[in-house]
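Novice: Structure file run_16.cif (mmCIF, C-alpha atoms) right here:
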```
data_query
loop_
_atom_site.label_atom_id
_atom_site.label_comp_id
_atom_site.auth_asym_id
_atom_site.auth_seq_id
_atom_site.Cartn_x
_atom_site.Cartn_y
_atom_site.Cartn_z
CA MET A 16 -13.72 25.89 34.38
CA ASN A 17 -10.91 23.38 34.85
CA PHE A 18 -7.86 24.63 36.86
CA THR A 19 -4.60 22.66 36.80
CA ALA A 20 -1.29 23.62 38.43
CA ASP A 21 2.21 22.18 38.75
CA GLN A 22 1.63 19.19 36.46
CA THR A 23 3.69 17.59 33.69
CA PHE A 24 1.87 16.25 30.63
CA ASP A 25 3.10 14.03 27.81
CA ARG A 26 1.73 12.83 24.46
CA THR A 27 -1.13 11.01 26.20
CA PHE A 28 -2.53 14.38 27.38
CA VAL A 29 -6.11 15.09 26.31
CA PHE A 30 -6.74 18.84 26.30
CA LYS A 31 -9.64 20.27 28.32
CA THR A 32 -10.52 23.97 28.24
CA GLY A 33 -9.29 25.65 31.40
CA GLU A 34 -6.51 27.42 33.24
CA TYR A 35 -3.03 25.86 33.42
CA ASP A 36 -0.49 27.32 35.83
CA ASN A 37 3.18 26.32 36.03
CA CYS A 38 2.66 23.21 33.89
CA VAL A 39 5.04 21.43 31.54
CA PHE A 40 3.77 19.99 28.24
CA GLU A 41 6.09 17.55 26.42
CA ASN A 42 5.32 16.11 22.97
CA CYS A 43 1.66 17.13 23.28
CA ASP A 44 -0.49 17.47 20.15
CA PHE A 45 -2.63 20.62 20.15
CA SER A 46 -2.93 20.69 16.33
CA ASP A 47 -6.37 21.63 15.02
CA ARG A 48 -7.62 21.90 18.63
CA ASP A 49 -9.80 24.73 19.90
CA LEU A 50 -7.90 26.30 22.81
CA SER A 51 -10.16 29.38 22.88
CA GLY A 52 -10.67 31.00 26.25
CA SER A 53 -8.05 28.87 27.99
CA GLY A 54 -5.10 30.25 29.91
CA PHE A 55 -1.48 29.14 30.18
CA VAL A 56 0.60 30.98 32.80
CA ASP A 57 4.26 30.17 33.56
CA CYS A 58 4.02 27.07 31.36
CA SER A 59 6.66 25.30 29.29
CA PHE A 60 5.89 23.66 25.95
CA ARG A 61 8.53 21.26 24.61
CA ASP A 62 8.30 19.59 21.21
CA CYS A 63 4.55 20.24 21.02
CA ASN A 64 2.48 20.63 17.85
CA PHE A 65 0.15 23.66 17.74
CA SER A 66 -0.34 23.76 13.97
CA MET A 67 -3.64 25.38 13.02
CA ALA A 68 -4.89 25.47 16.62
CA THR A 69 -7.69 27.96 17.34
CA VAL A 70 -6.61 30.42 20.05
CA SER A 71 -9.28 33.10 20.25
CA LYS A 72 -8.79 34.98 23.55
CA THR A 73 -6.35 32.33 24.79
CA THR A 74 -3.86 33.62 27.36
CA PHE A 75 -0.16 32.80 27.02
CA GLN A 76 1.64 34.61 29.84
CA ASP A 77 5.30 33.98 30.68
CA VAL A 78 5.43 30.79 28.61
CA THR A 79 8.30 29.15 26.74
CA PHE A 80 8.04 27.27 23.48
CA THR A 81 11.01 24.99 22.74
CA GLY A 82 11.16 22.85 19.61
CA CYS A 83 7.46 23.42 18.96
CA LYS A 84 5.61 23.40 15.65
CA LEU A 85 3.33 26.46 15.42
CA LEU A 86 2.43 26.53 11.72
CA GLY A 87 -0.20 29.15 10.90
CA PHE A 88 -0.54 30.09 14.58
CA ARG A 89 -2.62 33.27 15.05
CA PHE A 90 -0.92 35.01 17.97
CA ASP A 91 -2.90 38.10 17.00
CA GLN A 92 -6.10 36.35 18.15
CA CYS A 93 -4.77 35.50 21.61
CA ASN A 94 -5.34 37.61 24.71
CA VAL A 95 -2.83 40.21 23.53
CA VAL A 96 -2.82 42.19 26.77
CA MET A 97 -1.32 39.32 28.74
CA PHE A 98 0.86 37.85 25.96
CA SER A 99 4.50 37.12 26.82
CA ALA A 100 6.49 34.20 25.45
CA GLN A 101 9.96 33.01 24.48
CA PHE A 102 10.64 30.90 21.39
CA SER A 103 13.59 28.58 20.87
CA ASN A 104 14.10 26.26 17.87
CA CYS A 105 10.45 26.53 16.86
CA GLN A 106 8.78 26.30 13.48
CA LEU A 107 6.60 29.42 13.24
CA ASP A 108 6.03 29.46 9.47
CA LEU A 109 2.88 31.33 8.37
CA ALA A 110 2.19 32.56 11.92
CA SER A 111 0.66 36.00 12.52
CA PHE A 112 1.82 38.59 15.03
CA TYR A 113 -0.28 41.29 13.32
CA ARG A 114 -0.49 44.48 15.44
CA LEU A 115 1.02 42.83 18.54
CA LYS A 116 3.12 44.81 20.98
CA ILE A 117 5.88 42.32 21.75
CA ARG A 118 8.81 44.49 22.75
CA LYS A 119 12.02 42.74 23.81
CA GLN A 120 10.70 39.46 22.35
CA THR A 121 13.34 36.78 21.77
CA PHE A 122 13.25 34.33 18.87
CA SER A 123 16.18 31.92 18.80
CA GLY A 124 16.90 29.38 16.06
CA CYS A 125 13.38 29.64 14.64
CA SER A 126 12.00 29.09 11.16
CA MET A 127 9.74 32.10 10.56
CA ARG A 128 8.94 31.86 6.88
CA GLU A 129 6.06 34.07 5.74
CA VAL A 130 5.32 35.29 9.27
CA ASP A 131 3.17 38.43 9.39
CA PHE A 132 4.68 41.18 11.57
CA SER A 133 2.60 43.97 10.00
CA GLU A 134 2.02 46.92 12.35
CA SER A 135 3.71 45.06 15.23
CA ASP A 136 5.89 46.69 17.85
CA LEU A 137 9.09 44.64 17.95
CA ALA A 138 11.28 47.26 19.59
CA GLN A 139 14.39 45.66 21.11
CA ALA A 140 13.35 42.22 19.83
CA THR A 141 16.07 39.68 19.06
CA PHE A 142 16.02 37.38 16.05
CA ASP A 143 18.93 35.07 16.79
CA ASP A 144 19.72 32.64 13.94
CA CYS A 145 16.18 32.90 12.51
CA ASP A 146 15.07 32.31 8.92
CA LEU A 147 12.75 35.18 7.96
CA SER A 148 12.15 34.22 4.31
CA GLN A 149 9.19 36.17 2.94
CA ALA A 150 8.26 37.46 6.41
CA ILE A 151 6.06 40.54 6.18
CA PHE A 152 7.34 43.74 7.79
CA ASP A 153 4.94 46.57 7.01
CA ASN A 154 4.68 49.61 9.30
CA THR A 155 6.56 47.54 11.89
CA ILE A 156 8.50 49.07 14.76
CA LEU A 157 11.98 47.51 14.86
CA GLU A 158 13.67 50.18 16.95
CA LYS A 159 16.86 48.74 18.50
CA ALA A 160 15.92 45.23 17.32
CA ASP A 161 18.80 42.81 16.78
CA LEU A 162 18.76 41.08 13.40
CA ARG A 163 22.51 40.53 13.09
CA SER A 164 22.24 36.75 12.80
CA ALA A 165 18.81 36.67 11.10
CA ARG A 166 18.75 35.67 7.46
CA HIS A 167 16.63 35.92 4.32
CA PHE A 168 14.66 38.97 5.50
CA THR A 169 13.46 41.88 3.39
CA ILE A 170 12.71 45.04 5.35
CA ASP A 171 11.99 48.37 3.69
CA PRO A 172 13.43 51.13 5.95
CA GLU A 173 11.01 53.60 4.34
CA LYS A 174 7.96 51.59 5.45
CA ASN A 175 9.22 50.44 8.84
CA TYR A 176 10.77 52.14 11.86
CA VAL A 177 14.34 50.77 12.13
CA ARG A 178 16.22 53.45 14.09
CA GLY A 179 18.95 51.84 16.17
CA ALA A 180 18.28 48.33 14.81
CA LYS A 181 21.33 46.09 14.45
CA PHE A 182 22.11 44.33 11.17
CA ALA A 183 25.12 42.38 9.94
CA LEU A 184 26.79 43.34 6.67
CA GLU A 185 25.26 40.18 5.11
CA GLY A 186 21.79 41.60 5.84
CA LEU A 187 22.36 44.71 3.74
CA PRO A 188 20.69 43.26 0.60
CA GLY A 189 17.52 42.62 2.64
CA LEU A 190 17.36 46.31 3.54
CA LEU A 191 18.06 47.64 0.05
CA TYR A 192 16.09 45.16 -2.09
CA ASN A 193 13.53 47.70 -3.33
CA TYR A 194 16.25 49.89 -4.88
CA GLY A 195 17.23 47.24 -7.42
CA LEU A 196 20.89 47.39 -6.46
CA ASP A 197 23.37 44.63 -7.24
CA ILE A 198 25.25 44.21 -3.96
CA GLU A 199 28.29 41.95 -3.75
CA LEU A 200 29.55 40.94 -0.33
#
```
So, in terms of structure tokens, how does the structure I just supplied come out?

Specialist:
Amino acid sequence: MNFTADQTFDRTFVFKTGEYDNCVFENCDFSDRDLSGSGFVDCSFRDCNFSMATVSKTTFQDVTFTGCKLLGFRFDQCNVVMFSAQFSNCQLDLASFYRLKIRKQTFSGCSMREVDFSESDLAQATFDDCDLSQAIFDNTILEKADLRSARHFTIDPEKNYVRGAKFALEGLPGLLYNYGLDIEL
């Protein structure tokens, strides 16, 4: 298997299955690629496109995604034991974090429309300035999560664990939607 360390790649990069350690990927196109079985450790992805990439048993450990497009990305199919990542200004629409334990995860300035967080453990996660329109929270652990600057979310406190979670007053309608209340702020 291919092993690459301490390299910087740009849009001319042609992906080969393997292990990548401490690499930087800028403007690389991974869309519709099969990344299965590969590993990325201490890597940085900047302005890369991962839309509809196949990631079965792919390792993402201590990686950062900045300005990346991850439409329909199936994080739930990655090597979940080793998964740790940070997301900043990414487009994560239609992604799946189903059943992932991603405590203390940080999402900053991300579009997360229709993301599936069902049965995920997001304790102490931060959603800073994120659009969570139609995101799915079902039996999700949000204990001490920070959603104060998140917007457009709907979270049913009766179907999710939200003890100690932080919400802004503007987020109140997203917590009470199933009661049919008319809330004016």

Novice: Could you name the residues that touch range 180-189 of chain A at 8 Å or less, counting only C-alpha atoms, but leaving out those on the same chain fewer than 3 positions away, as a ChimeraX atom specification?

Specialist: /A:139,157-170,177,192,198,200

Novice: Care to translate the PyMOL selection byres ((chain A and resi 71) around 10) into actual residues of this file, as a ChimeraX atom specification?

Specialist: /A:49-53,68-70,72-74,89-94

Novice: Written as number ranges by chain, which residues does the PyMOL selection byres ((chain A and resi 104) around 12) give for the file shown?

Specialist: A: 60-63, 79-85, 101-103, 105-107, 121-127, 142-146

Novice: Rank A:Thr141, A:Asn175, A:Ser135, A:Asp108 by their smallest atom-to-atom distance to Gln120 in chain A, using only C-alpha atoms, and report the top residue only.

Specialist: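 Using only C-alpha atoms, the shortest distance to Gln120 in chain A belongs to A:Thr141.
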
Novice: Considering all atoms listed in the file, can you say which of A:Ser148, A:Asn154, A:Cys38, A:Val78 comes closest to Phe132 in chain A?

Specialist: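 Distance minimum relative to Phe132 in chain A lands on A:Asn154.
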
Novice: Could you tell me how far CA of Ile117 in chain A sits from CA of Ser99 in chain A, in Å to one decimal place?

Specialist: 7.4 Å

Novice: Run the PyMOL selection byres ((chain A and resi 109) around 6) on the file and write out the hits as a PyMOL selection string.

Specialist: chain A and resi 86-87+108+110+129-130

Novice: So that I have them on file, write out the residues from the current selection with C-alpha atoms, as a PDB file, in the frame of the given file.

Specialist:
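Produced file part38.pdb, reproduced below:
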```pdb
ATOM      1  CA  LEU A  86       2.430  26.530  11.720  1.00  0.00           C
ATOM      2  CA  GLY A  87      -0.200  29.150  10.900  1.00  0.00           C
ATOM      3  CA  ASP A 108       6.030  29.460   9.470  1.00  0.00           C
ATOM      4  CA  ALA A 110       2.190  32.560  11.920  1.00  0.00           C
ATOM      5  CA  GLU A 129       6.060  34.070   5.740  1.00  0.00           C
ATOM      6  CA  VAL A 130       5.320  35.290   9.270  1.00  0.00           C
TER       7      VAL A 130
END
```

Novice: Using C-alpha atoms, give me range 122-197 of chain A from the structure I just pasted, as a PDB file, in the first residue's frame.

Specialist:
```pdb
ATOM      1  CA  PHE A 122     -18.599  22.710  13.313  1.00  0.00           C
ATOM      2  CA  SER A 123     -17.990  26.361  12.436  1.00  0.00           C
ATOM      3  CA  GLY A 124     -19.761  28.307   9.684  1.00  0.00           C
ATOM      4  CA  CYS A 125     -21.030  25.140   7.999  1.00  0.00           C
ATOM      5  CA  SER A 126     -24.063  24.444   5.853  1.00  0.00           C
ATOM      6  CA  MET A 127     -25.529  21.242   7.294  1.00  0.00           C
ATOM      7  CA  ARG A 128     -28.882  20.971   5.582  1.00  0.00           C
ATOM      8  CA  GLU A 129     -30.572  17.582   5.920  1.00  0.00           C
ATOM      9  CA  VAL A 130     -27.618  16.065   7.791  1.00  0.00           C
ATOM     10  CA  ASP A 131     -28.456  12.837   9.626  1.00  0.00           C
ATOM     11  CA  PHE A 132     -27.383  12.890  13.285  1.00  0.00           C
ATOM     12  CA  SER A 133     -29.701  10.029  14.311  1.00  0.00           C
ATOM     13  CA  GLU A 134     -28.449   8.088  17.338  1.00  0.00           C
ATOM     14  CA  SER A 135     -25.190  10.092  17.376  1.00  0.00           C
ATOM     15  CA  ASP A 136     -23.359  11.155  20.503  1.00  0.00           C
ATOM     16  CA  LEU A 137     -22.723  14.890  20.099  1.00  0.00           C
ATOM     17  CA  ALA A 138     -22.145  15.666  23.766  1.00  0.00           C
ATOM     18  CA  GLN A 139     -20.319  18.989  24.165  1.00  0.00           C
ATOM     19  CA  ALA A 140     -20.328  19.549  20.388  1.00  0.00           C
ATOM     20  CA  THR A 141     -20.333  23.116  19.091  1.00  0.00           C
ATOM     21  CA  PHE A 142     -22.401  24.297  16.146  1.00  0.00           C
ATOM     22  CA  ASP A 143     -21.060  27.803  15.605  1.00  0.00           C
ATOM     23  CA  ASP A 144     -22.961  29.772  12.944  1.00  0.00           C
ATOM     24  CA  CYS A 145     -24.248  26.592  11.251  1.00  0.00           C
ATOM     25  CA  ASP A 146     -27.381  26.172   9.133  1.00  0.00           C
ATOM     26  CA  LEU A 147     -29.137  23.003  10.330  1.00  0.00           C
ATOM     27  CA  SER A 148     -32.229  23.211   8.092  1.00  0.00           C
ATOM     28  CA  GLN A 149     -34.042  19.865   8.095  1.00  0.00           C
ATOM     29  CA  ALA A 150     -31.157  18.157   9.929  1.00  0.00           C
ATOM     30  CA  ILE A 151     -32.307  14.937  11.582  1.00  0.00           C
ATOM     31  CA  PHE A 152     -31.918  14.667  15.351  1.00  0.00           C
ATOM     32  CA  ASP A 153     -33.486  11.416  16.535  1.00  0.00           C
ATOM     33  CA  ASN A 154     -32.335   9.739  19.755  1.00  0.00           C
ATOM     34  CA  THR A 155     -29.286  12.019  19.592  1.00  0.00           C
ATOM     35  CA  ILE A 156     -27.173  12.890  22.617  1.00  0.00           C
ATOM     36  CA  LEU A 157     -26.715  16.668  22.745  1.00  0.00           C
ATOM     37  CA  GLU A 158     -25.715  16.933  26.393  1.00  0.00           C
ATOM     38  CA  LYS A 159     -23.911  20.259  26.970  1.00  0.00           C
ATOM     39  CA  ALA A 160     -23.812  20.926  23.213  1.00  0.00           C
ATOM     40  CA  ASP A 161     -23.635  24.575  22.151  1.00  0.00           C
ATOM     41  CA  LEU A 162     -26.242  25.566  19.578  1.00  0.00           C
ATOM     42  CA  ARG A 163     -26.519  29.240  20.546  1.00  0.00           C
ATOM     43  CA  SER A 164     -25.515  30.533  17.116  1.00  0.00           C
ATOM     44  CA  ALA A 165     -26.941  27.616  15.097  1.00  0.00           C
ATOM     45  CA  ARG A 166     -30.033  28.325  13.052  1.00  0.00           C
ATOM     46  CA  HIS A 167     -32.989  26.603  11.386  1.00  0.00           C
ATOM     47  CA  PHE A 168     -32.805  23.469  13.556  1.00  0.00           C
ATOM     48  CA  THR A 169     -35.705  21.419  14.870  1.00  0.00           C
ATOM     49  CA  ILE A 170     -34.877  19.271  17.886  1.00  0.00           C
ATOM     50  CA  ASP A 171     -37.519  17.452  19.903  1.00  0.00           C
ATOM     51  CA  PRO A 172     -36.377  17.424  23.570  1.00  0.00           C
ATOM     52  CA  GLU A 173     -38.611  14.393  24.169  1.00  0.00           C
ATOM     53  CA  LYS A 174     -36.766  12.311  21.554  1.00  0.00           C
ATOM     54  CA  ASN A 175     -33.239  13.586  22.183  1.00  0.00           C
ATOM     55  CA  TYR A 176     -31.034  14.016  25.242  1.00  0.00           C
ATOM     56  CA  VAL A 177     -30.479  17.784  25.615  1.00  0.00           C
ATOM     57  CA  ARG A 178     -29.610  18.229  29.311  1.00  0.00           C
ATOM     58  CA  GLY A 179     -27.230  21.155  29.726  1.00  0.00           C
ATOM     59  CA  ALA A 180     -27.309  22.081  26.023  1.00  0.00           C
ATOM     60  CA  LYS A 181     -27.037  25.794  25.245  1.00  0.00           C
ATOM     61  CA  PHE A 182     -29.570  27.539  23.013  1.00  0.00           C
ATOM     62  CA  ALA A 183     -30.217  31.182  22.188  1.00  0.00           C
ATOM     63  CA  LEU A 184     -33.684  32.643  22.644  1.00  0.00           C
ATOM     64  CA  GLU A 185     -34.039  32.680  18.820  1.00  0.00           C
ATOM     65  CA  GLY A 186     -33.670  28.873  18.839  1.00  0.00           C
ATOM     66  CA  LEU A 187     -36.713  28.353  21.047  1.00  0.00           C
ATOM     67  CA  PRO A 188     -39.109  27.735  18.121  1.00  0.00           C
ATOM     68  CA  GLY A 189     -36.842  24.900  16.928  1.00  0.00           C
ATOM     69  CA  LEU A 190     -37.210  23.183  20.302  1.00  0.00           C
ATOM     70  CA  LEU A 191     -40.972  23.628  20.600  1.00  0.00           C
ATOM     71  CA  TYR A 192     -42.077  23.044  16.989  1.00  0.00           C
ATOM     72  CA  ASN A 193     -43.982  19.816  17.708  1.00  0.00           C
ATOM     73  CA  TYR A 194     -46.284  21.570  20.199  1.00  0.00           C
ATOM     74  CA  GLY A 195     -47.837  23.777  17.518  1.00  0.00           C
ATOM     75  CA  LEU A 196     -47.142  26.961  19.463  1.00  0.00           C
ATOM     76  CA  ASP A 197     -47.071  30.406  17.876  1.00  0.00           C
TER      77      ASP A 197
END
```
